[in-house]
>>> print(open('upload.txt').read())   # compact mmCIF, C-alpha atoms
# COMPACT_ATOMS: atom_id res chain seq x y z
CA GLY A 1 4.10 15.27 -8.16
CA ILE A 2 6.43 17.98 -9.31
CA ASN A 3 7.48 18.34 -12.95
CA ASN A 4 11.16 17.50 -13.48
CA GLU A 5 11.64 16.87 -9.76
CA GLU A 6 14.81 14.80 -10.16
CA LYS A 7 16.33 17.40 -12.51
CA ILE A 8 15.50 20.18 -10.04
CA LEU A 9 17.18 18.24 -7.22
CA GLN A 10 20.22 17.49 -9.38
CA ASP A 11 20.51 21.15 -10.45
CA PHE A 12 20.24 22.28 -6.81
CA SER A 13 22.88 19.82 -5.65
CA GLU A 14 25.22 21.04 -8.39
CA LYS A 15 24.62 24.70 -7.46
CA ILE A 16 25.56 24.07 -3.83
CA HIS A 17 28.42 21.70 -4.82
CA VAL A 18 27.09 18.68 -2.93
CA PRO A 19 26.47 15.37 -4.70
CA LEU A 20 22.94 14.03 -4.79
CA ILE A 21 23.28 10.65 -3.11
CA GLY A 22 19.71 9.45 -3.50
CA ILE A 23 16.11 10.37 -4.05
CA VAL A 24 13.36 8.90 -1.90
CA PRO A 25 10.21 8.48 -3.99
CA ARG A 26 7.10 10.31 -2.86
CA ASP A 27 4.84 8.02 -0.83
CA ASN A 28 1.97 8.86 1.53
CA ARG A 29 3.26 6.26 4.00
CA ILE A 30 6.27 8.48 4.72
CA GLU A 31 4.05 11.40 5.70
CA GLU A 32 1.74 9.16 7.76
CA SER A 33 4.70 7.63 9.56
CA THR A 34 6.12 11.09 10.31
CA PHE A 35 2.82 12.30 11.80
CA GLU A 36 2.57 9.13 13.89
CA GLY A 37 6.14 9.50 15.11
CA ILE A 38 7.12 6.07 13.77
CA PRO A 39 10.34 5.75 11.75
CA ILE A 40 9.43 4.66 8.22
CA ILE A 41 12.03 1.91 8.36
CA ASP A 42 10.24 0.49 11.42
CA ARG A 43 6.80 0.88 9.85
CA LEU A 44 7.44 -0.82 6.53
CA GLU A 45 8.88 -4.20 5.74
CA LYS A 46 11.83 -4.21 3.38
CA CYS A 47 10.69 -2.35 0.28
CA ASP A 48 12.05 0.04 -2.35
CA ILE A 49 11.64 3.05 -0.06
CA THR A 50 13.40 1.56 2.95
CA ASN A 51 16.15 0.15 0.73
CA ILE A 52 16.79 3.62 -0.75
CA MET A 53 16.78 5.22 2.72
CA GLU A 54 19.21 2.62 4.06
CA LYS A 55 21.53 3.16 1.09
CA ILE A 56 21.49 6.94 1.63
CA ALA A 57 22.19 6.48 5.36
CA GLU A 58 25.07 4.11 4.64
CA THR A 59 26.55 6.52 2.11
CA ILE A 60 26.38 9.37 4.62
CA PHE A 61 27.81 7.27 7.44
CA PHE A 62 30.64 5.57 5.55
CA ASP A 63 31.64 8.49 3.32
CA GLN A 64 31.84 11.26 5.94
CA LYS A 65 35.48 12.06 5.28
CA ASN A 66 34.67 12.78 1.62
CA ALA A 67 31.61 14.88 2.41
CA GLU A 68 31.33 18.21 0.65
CA LYS A 69 30.38 21.41 2.42
CA PRO A 70 27.40 23.09 0.76
CA GLN A 71 28.25 26.34 -0.97
CA PRO A 72 25.91 29.29 -0.44
CA ILE A 73 23.76 30.41 -3.33
CA GLU A 74 22.14 33.75 -4.01
CA LEU A 75 18.56 34.40 -2.93
CA GLN A 76 17.46 34.79 -6.56
CA GLU A 77 18.88 31.36 -7.40
CA MET A 78 16.87 29.89 -4.53
CA ARG A 79 13.74 31.68 -5.76
CA ASP A 80 14.30 30.29 -9.26
CA ILE A 81 14.57 26.76 -7.87
CA TYR A 82 11.43 27.31 -5.80
CA GLU A 83 9.47 28.57 -8.81
CA LYS A 84 10.55 25.57 -10.90
CA SER A 85 9.51 23.19 -8.15
CA TYR A 86 5.93 24.42 -8.12
CA THR A 87 5.21 23.70 -11.75
CA ARG A 88 2.87 20.80 -11.05
CA LYS A 89 2.30 17.80 -13.30
>>> encode(input="upload.txt", output="structure tokens")
Amino acid sequence: GINNEEKILQDFSEKIHVPLIGIVPRDNRIEESTFEGIPIIDRLEKCDITNIMEKIAETIFFDQKNAEKPQPIELQEMRDIYEKSYTRK
């Protein structure tokens, strides 16, 4: 995994002024499903991952009128985020 991954995501969302509405945990089944072209929600029975994905989708769908537009950030800020994200556990 990535050290402080949730903090990095939260910091990034704050920098671009868009709320973080959910974090899908890392799971090899997501990657496998992507390579096979099968939606993860179709591949897995109800589980934590699909529940989180459904909640994120519902939030996006039902809260569109309150959606924030991302604000641009400077290239150096993006580089800083990138460097933080590759400090492995």
>>> residues_around(input="upload.txt", residues="range 59-65 of chain A", least_positions_apart="4", cutoff="10 Å", atoms="only C-alpha atoms", output="list of chain:residue names")
A:Ile21, A:Gly22, A:Met53, A:Glu54, A:Lys55
>>> atom_distance(input="upload.txt", atom1="CA of Ile23 in chain A", atom2="CA of Ile49 in chain A")
9.5 Å
>>> atom_distance(input="upload.txt", atom1="CA of Ser85 in chain A", atom2="CA of Ser33 in chain A")
24.1 Å
>>> atom_distance(input="upload.txt", atom1="CA of Glu5 in chain A", atom2="CA of Pro19 in chain A")
15.7 Å
>>> residues_around(input="upload.txt", residues="Thr50 in chain A", least_positions_apart="4", cutoff="8 Å", atoms="all atoms listed in the file", output="compact mmCIF listing (two decimals) with C-alpha atoms, in the coordinates of the input")
# COMPACT_ATOMS: atom_id res chain seq x y z
CA ILE A 40 9.43 4.66 8.22
CA ILE A 41 12.03 1.91 8.36
CA LEU A 44 7.44 -0.82 6.53
CA GLU A 45 8.88 -4.20 5.74
CA LYS A 46 11.83 -4.21 3.38
CA GLU A 54 19.21 2.62 4.06
